[in-house]
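Dropping target-v1.txt in here (compact mmCIF, C-alpha atoms):
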```txt
# COMPACT_ATOMS: atom_id res chain seq x y z
CA MET A 1 0.00 0.00 0.00
CA LYS A 2 1.32 3.44 -0.92
CA LYS A 3 1.77 6.09 1.75
CA ALA A 4 0.73 9.73 1.72
CA LEU A 5 1.79 12.50 4.08
CA LEU A 6 -0.71 15.34 4.49
CA ILE A 7 1.37 18.13 5.99
CA GLY A 8 1.04 21.88 6.48
CA ASN A 9 -1.87 22.02 8.93
CA HIS A 10 -1.19 24.61 11.63
CA SER A 11 -3.88 23.79 14.15
CA CYS A 12 -7.38 22.34 14.05
CA SER A 13 -8.22 24.89 16.76
CA ASN A 14 -8.93 26.82 13.57
CA ARG A 15 -11.91 24.79 12.35
CA GLY A 16 -11.40 26.19 8.87
CA ASP A 17 -8.06 24.39 8.70
CA ALA A 18 -9.80 21.29 10.05
CA ALA A 19 -12.45 21.52 7.33
CA ILE A 20 -9.77 21.84 4.63
CA LEU A 21 -8.01 18.74 5.94
CA ARG A 22 -11.20 16.74 6.43
CA GLY A 23 -12.38 17.43 2.90
CA LEU A 24 -9.03 16.35 1.48
CA ILE A 25 -9.15 13.10 3.45
CA GLU A 26 -12.70 12.48 2.24
CA ALA A 27 -11.52 12.43 -1.40
CA ILE A 28 -8.68 9.93 -0.85
CA ASP A 29 -9.28 6.20 -1.23
CA THR A 30 -7.95 5.02 2.13
CA THR A 31 -8.31 1.37 1.09
CA SER A 32 -5.36 1.80 -1.27
CA ILE A 33 -3.53 4.78 0.29
CA SER A 34 -2.20 4.86 3.85
CA ILE A 35 -2.43 8.39 5.27
CA ASP A 36 -0.35 10.17 7.89
CA ILE A 37 -1.56 13.60 8.98
CA ALA A 38 1.10 16.00 10.24
CA SER A 39 0.18 19.10 12.21
CA ARG A 40 1.94 21.72 14.27
CA ASP A 41 -0.67 20.89 16.92
CA PRO A 42 -1.31 17.12 16.70
CA ALA A 43 -3.31 16.92 19.95
CA THR A 44 -5.97 19.30 18.66
CA GLY A 45 -6.01 17.47 15.33
CA GLU A 46 -6.77 14.18 17.08
CA ILE A 47 -9.62 15.79 19.03
CA VAL A 48 -11.31 17.65 16.17
CA LEU A 49 -10.72 14.99 13.49
CA GLU A 50 -11.53 12.05 15.75
CA GLU A 51 -14.13 10.65 13.33
CA THR A 52 -11.49 10.01 10.66
CA GLY A 53 -9.73 7.45 12.86
CA LEU A 54 -6.40 8.59 11.41
CA PRO A 55 -3.23 9.26 13.42
CA VAL A 56 -2.02 12.85 13.70
CA ILE A 57 1.72 13.25 14.10
CA GLN A 58 3.95 16.23 14.82
CA ASP A 59 5.00 18.32 11.81
CA VAL A 60 8.66 17.30 11.46
CA PHE A 61 9.81 20.70 10.22
CA GLU A 62 8.06 22.52 13.04
CA GLN A 63 9.69 20.05 15.42
CA ALA A 64 13.12 20.61 13.88
CA ARG A 65 12.84 24.38 14.10
CA HIS A 66 11.68 24.07 17.71
CA LYS A 67 14.77 22.02 18.57
CA LEU A 68 17.00 24.59 16.92
CA MET A 69 15.38 27.42 18.86
CA GLN A 70 16.38 26.03 22.26
CA GLY A 71 18.88 28.10 24.23
CA SER A 72 19.47 31.78 24.74
CA PHE A 73 17.71 34.58 22.88
CA TYR A 74 20.91 35.20 20.93
CA THR A 75 21.15 31.52 19.91
CA ARG A 76 17.53 31.46 18.75
CA LYS A 77 17.93 34.61 16.70
CA VAL A 78 21.18 33.47 15.06
CA MET A 79 19.93 29.93 14.30
CA SER A 80 16.71 31.19 12.71
CA ARG A 81 18.61 33.59 10.47
CA TYR A 82 21.19 30.92 9.63
CA LEU A 83 18.60 28.34 8.55
CA ASN A 84 16.61 30.87 6.53
CA GLY A 85 19.85 32.07 4.96
CA ILE A 86 20.74 28.54 3.81
CA MET A 87 17.27 28.10 2.28
CA TYR A 88 17.56 31.42 0.50
CA ALA A 89 21.12 31.00 -0.81
CA SER A 90 20.63 27.37 -1.88
CA SER A 91 17.51 28.27 -3.86
CA LYS A 92 18.85 31.50 -5.36
CA TYR A 93 22.27 30.18 -6.38
CA ASN A 94 21.10 26.67 -7.24
CA TRP A 95 23.41 24.86 -4.84
CA SER A 96 23.58 21.10 -5.10
CA VAL A 97 21.60 19.02 -2.62
CA GLU A 98 24.87 17.63 -1.24
CA LYS A 99 26.35 21.07 -0.60
CA THR A 100 23.14 22.38 0.96
CA ARG A 101 22.61 19.42 3.28
CA LYS A 102 26.16 19.65 4.58
CA LEU A 103 25.34 23.16 5.77
CA LEU A 104 21.91 22.41 7.20
CA PRO A 105 21.58 21.70 10.94
CA ARG A 106 21.28 18.05 11.95
CA ALA A 107 17.71 18.36 13.24
CA TYR A 108 16.56 19.84 9.94
CA ASN A 109 18.32 17.09 7.95
CA GLU A 110 16.60 14.48 10.11
CA ALA A 111 13.25 16.06 9.23
CA ILE A 112 14.14 15.86 5.54
CA ASP A 113 15.06 12.17 5.88
CA THR A 114 11.59 11.28 7.19
CA LEU A 115 10.07 12.24 3.83
CA ALA A 116 11.67 9.21 2.16
CA ALA A 117 8.95 7.01 3.71
CA TYR A 118 6.19 8.58 1.61
CA ASP A 119 5.06 8.11 -1.98
CA TYR A 120 3.00 11.31 -1.91
CA ILE A 121 3.65 14.51 0.02
CA ILE A 122 0.67 16.86 0.02
CA GLN A 123 0.96 20.36 1.44
CA VAL A 124 -2.62 20.96 2.52
CA GLY A 125 -4.42 24.06 1.42
CA GLY A 126 -5.20 27.36 3.01
CA SER A 127 -3.53 30.74 2.87
CA PHE A 128 -0.05 30.07 4.20
CA ILE A 129 2.45 31.11 1.52
CA VAL A 130 2.27 34.75 2.50
CA ASP A 131 5.21 37.03 3.22
CA ALA A 132 3.83 37.95 6.65
CA TYR A 133 4.23 34.31 7.72
CA GLY A 134 7.84 34.04 6.59
CA PHE A 135 10.18 31.33 5.35
CA THR A 136 8.78 28.55 7.56
CA GLN A 137 5.83 28.20 5.17
CA LEU A 138 8.27 26.96 2.51
CA ASP A 139 9.94 24.30 4.67
CA ILE A 140 7.86 21.52 3.12
CA ILE A 141 8.72 22.40 -0.48
CA PHE A 142 12.38 22.99 0.36
CA GLY A 143 12.54 19.76 2.38
CA ALA A 144 10.95 17.74 -0.42
CA LYS A 145 13.46 19.18 -2.88
CA MET A 146 16.36 18.22 -0.59
CA ALA A 147 14.89 14.72 -0.20
CA GLY A 148 14.28 14.33 -3.93
CA ARG A 149 10.58 13.67 -3.30
CA LYS A 150 7.58 14.90 -5.24
CA VAL A 151 5.36 17.41 -3.45
CA TYR A 152 1.88 18.64 -4.35
CA LEU A 153 0.04 21.76 -3.15
CA ILE A 154 -3.74 21.46 -3.16
CA GLY A 155 -6.32 24.21 -2.67
CA HIS A 156 -4.07 27.18 -1.89
CA SER A 157 -4.31 30.95 -1.92
CA VAL A 158 -0.92 32.64 -2.11
CA GLY A 159 0.53 36.10 -1.63
CA PRO A 160 1.07 38.91 -1.09
CA PHE A 161 4.81 38.91 -1.83
CA GLU A 162 5.83 42.38 -0.71
CA HIS A 163 9.01 41.37 1.14
CA LYS A 164 11.94 41.12 -1.28
CA GLN A 165 13.71 38.02 0.10
CA PHE A 166 10.48 36.08 0.53
CA ARG A 167 9.44 36.96 -3.02
CA GLU A 168 12.82 35.84 -4.39
CA LEU A 169 12.67 32.59 -2.41
CA CYS A 170 9.22 31.90 -3.86
CA GLN A 171 10.46 32.68 -7.37
CA ASN A 172 13.06 29.94 -6.96
CA LEU A 173 11.17 27.36 -4.88
CA LEU A 174 7.60 27.45 -6.19
CA PRO A 175 8.55 25.92 -9.58
CA TYR A 176 9.61 22.71 -7.75
CA PRO A 177 6.23 21.15 -6.77
CA GLU A 178 4.63 18.83 -9.29
CA THR A 179 1.56 21.03 -9.13
CA ILE A 180 0.24 24.02 -7.20
CA VAL A 181 -3.54 23.91 -7.33
CA LEU A 182 -4.98 27.33 -6.51
CA ARG A 183 -8.47 27.69 -5.08
CA GLU A 184 -9.11 31.08 -6.76
CA HIS A 185 -7.75 33.14 -9.67
CA VAL A 186 -6.78 36.29 -7.75
CA SER A 187 -3.71 34.47 -6.42
CA GLU A 188 -2.50 33.91 -9.98
CA ASP A 189 -2.68 37.65 -10.62
CA ILE A 190 -0.73 38.30 -7.42
CA LEU A 191 1.95 35.81 -8.50
CA LYS A 192 2.34 37.54 -11.86
CA LYS A 193 2.56 40.99 -10.27
CA ALA A 194 5.34 39.64 -8.05
CA GLY A 195 7.24 38.35 -11.10
CA ILE A 196 6.57 34.72 -10.19
CA TYR A 197 5.68 32.88 -13.40
CA LEU A 198 4.94 29.18 -12.94
CA ASP A 199 4.29 26.32 -15.34
CA ASN A 200 2.98 24.06 -12.58
CA LEU A 201 -0.13 26.07 -11.67
CA GLY A 202 -3.53 24.46 -11.71
CA TYR A 203 -6.91 25.85 -10.82
CA GLY A 204 -9.19 23.91 -8.49
CA ALA A 205 -11.16 24.65 -5.35
CA ASP A 206 -10.98 24.70 -1.60
CA THR A 207 -11.02 21.12 -0.31
CA ALA A 208 -13.47 22.06 2.47
CA TRP A 209 -16.23 21.81 -0.15
CA LEU A 210 -15.67 18.04 0.11
CA MET A 211 -16.63 17.77 3.79
CA PRO A 212 -18.85 14.75 4.61
CA GLU A 213 -22.28 14.97 6.22
CA SER A 214 -22.54 17.36 9.16
CA GLN A 215 -23.22 16.35 12.75
CA HIS A 216 -26.58 17.47 14.11
CA VAL A 217 -26.58 19.89 17.05
CA ASP A 218 -29.84 20.31 18.99
CA LEU A 219 -30.71 24.02 19.19
CA THR A 220 -34.18 23.71 20.73
CA VAL A 221 -32.98 24.81 24.18
CA ILE A 222 -31.30 27.86 22.63
CA ASN A 223 -34.30 28.70 20.46
CA PRO A 224 -37.43 27.36 22.21
CA ASP A 225 -39.73 29.70 20.28
CA ASN A 226 -38.45 28.34 16.96
CA LYS A 227 -37.55 31.76 15.59
CA PRO A 228 -35.74 31.92 12.23
CA MET A 229 -32.02 31.79 13.05
CA VAL A 230 -29.10 33.73 11.64
CA GLY A 231 -25.56 32.44 12.14
CA ILE A 232 -22.69 34.88 12.60
CA THR A 233 -18.94 34.51 12.96
CA ALA A 234 -16.50 37.18 14.08
CA ARG A 235 -12.77 37.72 14.60
CA ARG A 236 -10.09 40.12 15.70
CA LEU A 237 -9.21 42.02 12.53
CA ALA A 238 -5.52 42.42 13.37
CA PRO A 239 -3.19 42.30 11.50
CA PHE A 240 -5.53 43.32 8.65
CA ASP A 241 -7.15 46.32 10.36
CA SER A 242 -4.44 48.79 9.33
CA VAL A 243 -4.62 47.66 5.69
CA LEU A 244 -8.42 47.68 5.68
CA GLY A 245 -8.62 51.10 7.28
CA VAL A 246 -11.35 49.77 9.59
CA SER A 247 -10.97 49.68 13.36
CA GLN A 248 -11.98 46.73 15.50
CA GLU A 249 -14.47 48.98 17.28
CA ALA A 250 -16.16 50.07 14.03
CA TYR A 251 -16.42 46.46 12.84
CA GLU A 252 -17.90 45.23 16.13
CA GLN A 253 -20.31 48.15 16.37
CA GLN A 254 -21.63 47.50 12.86
CA MET A 255 -22.03 43.77 13.57
CA ALA A 256 -23.92 44.63 16.76
CA SER A 257 -26.16 47.08 14.91
CA THR A 258 -26.87 44.53 12.16
CA CYS A 259 -27.74 41.89 14.74
CA ASP A 260 -30.04 44.30 16.60
CA THR A 261 -31.99 45.03 13.41
CA LEU A 262 -32.35 41.31 12.69
CA VAL A 263 -33.52 40.65 16.26
CA GLU A 264 -36.14 43.40 15.87
CA LYS A 265 -37.33 41.63 12.73
CA GLY A 266 -37.90 38.43 14.71
CA HIS A 267 -34.65 36.51 14.20
CA MET A 268 -32.53 34.65 16.74
CA ILE A 269 -28.78 35.24 16.26
CA ILE A 270 -26.45 32.28 16.82
CA GLY A 271 -22.76 33.09 17.33
CA VAL A 272 -20.39 30.28 16.37
CA SER A 273 -16.60 30.30 16.39
CA THR A 274 -14.26 28.72 13.85
CA CYS A 275 -11.24 29.67 15.97
CA THR A 276 -11.13 28.88 19.68
CA GLY A 277 -8.43 28.74 22.34
CA LEU A 278 -8.34 24.92 22.33
CA ASN A 279 -4.90 23.76 23.50
CA GLY A 280 -3.69 27.33 23.91
CA TYR A 281 -4.43 28.56 20.38
CA HIS A 282 -3.83 32.30 20.12
CA ARG A 283 -7.20 33.16 18.53
CA ASP A 284 -10.57 32.81 20.26
CA ASP A 285 -13.49 34.25 18.33
CA ARG A 286 -15.86 33.69 21.27
CA LEU A 287 -14.31 36.69 22.99
CA THR A 288 -15.00 38.89 19.95
CA LEU A 289 -18.58 37.64 19.84
CA HIS A 290 -18.92 38.48 23.54
CA SER A 291 -17.65 42.00 22.84
CA ILE A 292 -20.22 42.38 20.04
CA LYS A 293 -23.00 41.18 22.33
CA LYS A 294 -22.12 43.84 24.91
CA ARG A 295 -22.56 46.51 22.22
CA MET A 296 -26.08 45.35 21.27
CA ARG A 297 -29.33 47.02 22.30
CA HIS A 298 -30.92 43.54 22.40
CA PRO A 299 -28.14 41.30 23.73
CA GLU A 300 -30.68 38.65 24.69
CA GLY A 301 -31.18 38.08 20.95
CA LEU A 302 -27.63 36.76 20.44
CA HIS A 303 -26.72 33.34 21.79
CA ILE A 304 -23.01 32.55 21.69
CA ILE A 305 -22.11 28.87 21.57
CA PHE A 306 -19.13 28.48 23.88
CA ASP A 307 -18.83 24.71 23.37
CA GLU A 308 -15.80 23.42 21.45
CA LEU A 309 -17.64 22.50 18.27
CA SER A 310 -15.90 20.57 15.50
CA ASP A 311 -16.13 21.73 11.90
CA LEU A 312 -18.84 19.09 11.33
CA GLN A 313 -20.81 20.36 14.31
CA ILE A 314 -20.48 23.96 13.09
CA GLY A 315 -22.00 22.65 9.86
CA GLY A 316 -24.80 21.11 11.91
CA VAL A 317 -25.55 24.47 13.53
CA LEU A 318 -25.34 26.61 10.39
CA SER A 319 -27.44 24.15 8.36
CA GLN A 320 -30.37 25.08 10.63
CA CYS A 321 -29.95 28.82 10.02
CA ARG A 322 -31.77 30.91 7.44
CA PHE A 323 -28.47 32.50 6.43
CA THR A 324 -25.00 33.23 7.83
CA ILE A 325 -23.03 36.47 8.14
CA ALA A 326 -19.49 35.14 7.90
CA THR A 327 -16.37 37.05 8.85
CA ARG A 328 -14.29 33.88 8.77
CA LEU A 329 -14.10 32.54 5.21
CA HIS A 330 -14.55 28.92 6.18
CA SER A 331 -17.65 29.59 8.23
CA GLY A 332 -19.10 30.82 4.94
CA ILE A 333 -17.84 27.75 3.09
CA ILE A 334 -19.16 25.39 5.77
CA SER A 335 -22.51 27.20 5.77
CA MET A 336 -22.92 26.93 2.00
CA ARG A 337 -21.62 23.35 1.96
CA TYR A 338 -24.61 22.43 4.11
CA GLY A 339 -27.17 24.46 2.19
CA THR A 340 -27.35 27.77 4.05
CA PRO A 341 -26.60 30.97 2.08
CA ALA A 342 -23.75 33.02 3.55
CA LEU A 343 -22.72 36.64 3.16
CA VAL A 344 -18.93 36.57 3.43
CA ILE A 345 -17.04 39.66 4.58
CA ALA A 346 -13.93 39.76 2.39
CA TYR A 347 -11.05 41.11 4.46
CA GLU A 348 -8.47 39.25 2.30
CA HIS A 349 -8.28 38.53 -1.43
CA LYS A 350 -8.98 34.82 -0.88
CA SER A 351 -12.62 35.37 0.19
CA GLU A 352 -13.57 37.66 -2.67
CA GLY A 353 -11.62 35.51 -5.14
CA ILE A 354 -13.40 32.28 -4.23
CA LEU A 355 -16.87 33.81 -4.45
CA THR A 356 -16.03 35.60 -7.70
CA ASP A 357 -14.87 32.33 -9.25
CA MET A 358 -18.12 30.72 -8.13
CA ALA A 359 -20.11 33.59 -9.72
CA LEU A 360 -21.54 34.36 -6.29
CA ASN A 361 -20.38 37.99 -6.11
CA ALA A 362 -23.66 39.02 -4.50
CA PHE A 363 -22.59 37.04 -1.43
CA SER A 364 -19.28 38.86 -1.01
CA LEU A 365 -19.03 42.08 0.99
CA SER A 366 -15.91 44.19 1.30
CA MET A 367 -15.14 45.24 4.86
CA GLN A 368 -15.88 48.82 3.85
CA GLU A 369 -19.30 47.83 2.50
CA PHE A 370 -19.99 45.96 5.71
CA VAL A 371 -19.20 48.87 8.05
CA GLU A 372 -21.27 51.18 5.84
CA GLY A 373 -24.33 48.99 6.50
CA GLU A 374 -24.62 47.17 3.17
CA THR A 375 -25.40 43.83 4.85
CA LEU A 376 -29.10 44.39 5.43
CA SER A 377 -29.82 45.41 1.83
CA ARG A 378 -27.97 42.31 0.60
CA LEU A 379 -30.08 40.17 2.92
CA GLU A 380 -33.27 41.76 1.58
CA THR A 381 -32.17 40.82 -1.94
CA LEU A 382 -31.46 37.29 -0.76
CA GLU A 383 -34.83 36.94 0.97
CA ALA A 384 -36.67 38.22 -2.11
CA ASP A 385 -35.64 35.14 -4.10
CA TYR A 386 -34.44 32.79 -1.38
CA ASP A 387 -35.20 29.42 -2.97
CA GLN A 388 -33.55 30.35 -6.26
CA PHE A 389 -30.43 31.57 -4.45
CA CYS A 390 -30.26 28.33 -2.45
CA GLN A 391 -30.51 26.32 -5.66
CA LEU A 392 -27.76 28.40 -7.28
CA ILE A 393 -25.47 27.97 -4.28
CA GLY A 394 -26.07 24.22 -4.28
CA GLN A 395 -25.06 24.00 -7.94
CA ARG A 396 -21.92 26.08 -7.44
CA VAL A 397 -20.87 24.12 -4.36
CA GLU A 398 -21.22 20.82 -6.24
CA GLU A 399 -19.21 22.16 -9.19
CA HIS A 400 -16.36 23.28 -6.94
CA ALA A 401 -16.43 20.08 -4.93
CA ASP A 402 -16.07 18.15 -8.20
CA MET A 403 -13.10 20.32 -9.22
CA ALA A 404 -11.35 19.70 -5.92
CA ARG A 405 -12.09 15.97 -6.09
CA GLN A 406 -10.73 15.62 -9.63
CA HIS A 407 -7.43 17.32 -8.79
CA ILE A 408 -6.92 15.10 -5.75
CA ARG A 409 -7.72 11.90 -7.63
CA ALA A 410 -5.43 12.94 -10.49
CA ILE A 411 -2.50 13.06 -8.07
CA PHE A 412 -3.16 9.60 -6.68
CA SER A 413 -3.65 8.09 -10.13
CA GLU A 414 -0.01 8.85 -11.04
```
Whole structure, structure tokens version:
Amino acid sequence: MKKALLIGNHSCSNRGDAAILRGLIEAIDTTSISIDIASRDPATGEIVLEETGLPVIQDVFEQARHKLMQGSFYTRKVMSRYLNGIMYASSKYNWSVEKTRKLLPRAYNEAIDTLAAYDYIIQVGGSFIVDAYGFTQLDIIFGAKMAGRKVYLIGHSVGPFEHKQFRELCQNLLPYPETIVLREHVSEDILKKAGIYLDNLGYGADTAWLMPESQHVDLTVINPDNKPMVGITARRLAPFDSVLGVSQEAYEQQMASTCDTLVEKGHMIIGVSTCTGLNGYHRDDRLTLHSIKKRMRHPEGLHIIFDELSDLQIGGVLSQCRFTIATRLHSGIISMRYGTPALVIAYEHKSEGILTDMALNAFSLSMQEFVEGETLSRLETLEADYDQFCQLIGQRVEEHADMARQHIRAIFSE
């Protein structure tokens, strides 16, 4: 039986990352392919993805970098710069594998050696190859190149590439994968603007569209009067707030105002969180939802679910809602995957790009449009022809799920 390594997951405390991984697994024939999942946070992966029955191991490159960062502040700073410098110089000046590996630290070479056990190395999708996240996002591609192994990127958004060294590293490393399957076309434009021209680009879809059936969550206690429900998700805008020109306060106040209007129209608002502090994760959207609730005139109309829901359970909640107002992209994807229309607030190019490619532009709001109160008029348009919109969304979701499935199966047919 051939072996596949699914690597690149940061933490399933972000249920969007869990949904991406779960959808990818769903499309792989596990009767003929043995799967190892690698995550920077394997404990959370085991908890959230328990239904898959698959082991979740530590990301070997994260582990290697952690080993190298032991010691004094000076040691950590020097070692990080040294390793990144080797990656950069080897890629830019086309050093041989032998020369490069002689210069790499032992722990990093040991991580590279583990890749030999796999027939397929898949860097799971998301929005990770971004200059703000740094060189560590390219460890998997660089490691596969050093190991002489094929690597595939499935369902990615990439960029921006504003930082010179990161851009140059991408120019030299991104041609190596067998394929880089983007989930939207805006990323291709960003690559071209950065002077990164690739022959290995493909166009597919986010693998979260492939999620299996949701898990039902009983909401009768929350909503005993059986009011029509609206799902919302929220987040801290940083580090995007300065780029967006929208403050956290303005965003929260507008969300509170929108919720108040919906409550006055007879709706029950359900706050769900795709990012929680499970296992010490640094983002917890429940706190932002709580802050929004405190700003409302009718706080009793917003119920925040504080339970640690899985991505499948979030799907179970949102499937019972009339529609979703989604700040987190994957809450919108999960909502639409299970038949509930979602208005997605596009604070990054990935959100707008995905909905544009699906010809669902009416469901994408810029952050500026959101804070100016555009949400309610969009919802009125949606309600005016609700059944037709639901049918359209169902068709688009199925089309994109098929695209994602075909790209995954093409890899494993090689």
Quick one: which stretch 308-331 of chain A residues come within 12 Å of stretch 49-61 of chain A, and what is the nearest atom pair for each with the distance in Å to one decimal, counting all atoms listed in the file, rows ordered by chain and ascending number, as JSON lines?
```
{"residue": "A:Leu309", "atom": "CA", "partner": "A:Leu49", "partner_atom": "CA", "distance": 11.3}
{"residue": "A:Ser310", "atom": "CA", "partner": "A:Leu49", "partner_atom": "CA", "distance": 7.9}
{"residue": "A:Asp311", "atom": "CA", "partner": "A:Leu49", "partner_atom": "CA", "distance": 8.8}
{"residue": "A:Leu312", "atom": "CA", "partner": "A:Leu49", "partner_atom": "CA", "distance": 9.3}
{"residue": "A:Gln313", "atom": "CA", "partner": "A:Leu49", "partner_atom": "CA", "distance": 11.5}
```
Residues near A:Asp357, cut-off 12 Å, all atoms listed in the file, skip fewer than 5 positions along chain, as an NGL selection string: :A and (182-187 or 203-206 or 349-352 or 363-364 or 396-397 or 399-400)
Cut-off 12 Å around (-6.6, 25.5, -2.6) with only C-alpha atoms: residues as a ChimeraX atom specification: /A:17,20-21,23-24,122-129,152-158,179-188,201-209,350-351,353-354,400-401,403-405,407-408
Do you know which residues are at most 9 Å from A:Lys92 counting only C-alpha atoms, after dropping those on the same chain fewer than 2 positions away, and could you put them as a PDB file with C-alpha atoms, in the coordinates of the input?
```
ATOM      1  CA  MET A  87      17.270  28.100   2.280  1.00  0.00           C
ATOM      2  CA  TYR A  88      17.560  31.420   0.500  1.00  0.00           C
ATOM      3  CA  ALA A  89      21.120  31.000  -0.810  1.00  0.00           C
ATOM      4  CA  SER A  90      20.630  27.370  -1.880  1.00  0.00           C
ATOM      5  CA  ASN A  94      21.100  26.670  -7.240  1.00  0.00           C
ATOM      6  CA  TRP A  95      23.410  24.860  -4.840  1.00  0.00           C
ATOM      7  CA  GLU A 168      12.820  35.840  -4.390  1.00  0.00           C
ATOM      8  CA  LEU A 169      12.670  32.590  -2.410  1.00  0.00           C
ATOM      9  CA  GLN A 171      10.460  32.680  -7.370  1.00  0.00           C
ATOM     10  CA  ASN A 172      13.060  29.940  -6.960  1.00  0.00           C
ATOM     11  CA  LEU A 173      11.170  27.360  -4.880  1.00  0.00           C
TER      12      LEU A 173
END
```
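Across the model, the gap from atom CA of A:Gly301 to atom CA of A:Met268 is 5.6 Å.
Put simply, atom CA of A:Ile232 is 9.3 Å away from atom CA of A:Arg328.
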Set out as a tab-separated table a contact list for stretch 33-71 of chain A and stretch 270-278 of chain A with a cut-off of 12 Å, giving each residue of stretch 33-71 of chain A that qualifies its closest atom pair and distance in Å to one decimal, counting only C-alpha atoms, ordered by chain and rising residue number.
```
residue	atom	partner	partner_atom	distance
A:Asp41	CA	A:Leu278	CA	10.2
A:Pro42	CA	A:Leu278	CA	11.9
A:Ala43	CA	A:Leu278	CA	9.7
A:Thr44	CA	A:Leu278	CA	7.1
A:Gly45	CA	A:Leu278	CA	10.5
A:Ile47	CA	A:Leu278	CA	9.8
A:Val48	CA	A:Leu278	CA	10.0
```
Separation of atom CA of A:Ile222 from atom CA of A:Asn279, in Å and rounded to one decimal: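 Rounded to one decimal, the two atoms are 26.7 Å apart.
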Within 9 Å of A:Asp113 using all atoms listed in the file, minus same-chain residues under 4 positions, as a ChimeraX atom specification: /A:108-109,117,143,146-147
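Proximity to A:Leu262 was assessed for A:Leu210, A:Val78, A:Leu191, A:Met229 counting all atoms listed in the file; the smallest distance is recorded for A:Met229.
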A:Ala194, A:Leu376, A:Val246, A:Ala116 ranked by distance to A:Lys265, top pick (using all atoms listed in the file):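 The shortest atom-to-atom distance to A:Lys265 comes from A:Leu376.
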A:Leu237, A:Phe161, A:Leu318, A:Tyr281 ranked by distance to A:Asp218, top pick (using all atoms listed in the file):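 Ranking A:Leu237, A:Phe161, A:Leu318, A:Tyr281 by distance to A:Asp218, first place goes to A:Leu318.
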Fewer than 4 positions away in the same chain doesn't count, so skip those; otherwise give me all residues within 9 Å of A:Ala132, counting only C-alpha atoms, as an mmCIF file with C-alpha atoms, in the coordinates of the input.
```cif
data_model
loop_
_atom_site.group_PDB
_atom_site.id
_atom_site.type_symbol
_atom_site.label_atom_id
_atom_site.label_comp_id
_atom_site.auth_asym_id
_atom_site.auth_seq_id
_atom_site.Cartn_x
_atom_site.Cartn_y
_atom_site.Cartn_z
ATOM 1 C CA PRO A 160 1.070 38.910 -1.090
ATOM 2 C CA PHE A 161 4.810 38.910 -1.830
ATOM 3 C CA GLU A 162 5.830 42.380 -0.710
ATOM 4 C CA HIS A 163 9.010 41.370 1.140
#
```
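Nearest to A:His303 of all the residues A:Ile269, A:Ala27, A:Ala107, A:Leu83 is A:Ile269, based on only C-alpha atoms.
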Expected residue set, 12 Å radius at (-22.7, 32.0, 13.7), only C-alpha atoms, as a VMD selection string: chain A and resid 229 to 235 255 259 268 to 275 285 to 286 289 302 to 306 309 313 to 328 330 to 332 334 to 335 340 342 to 344
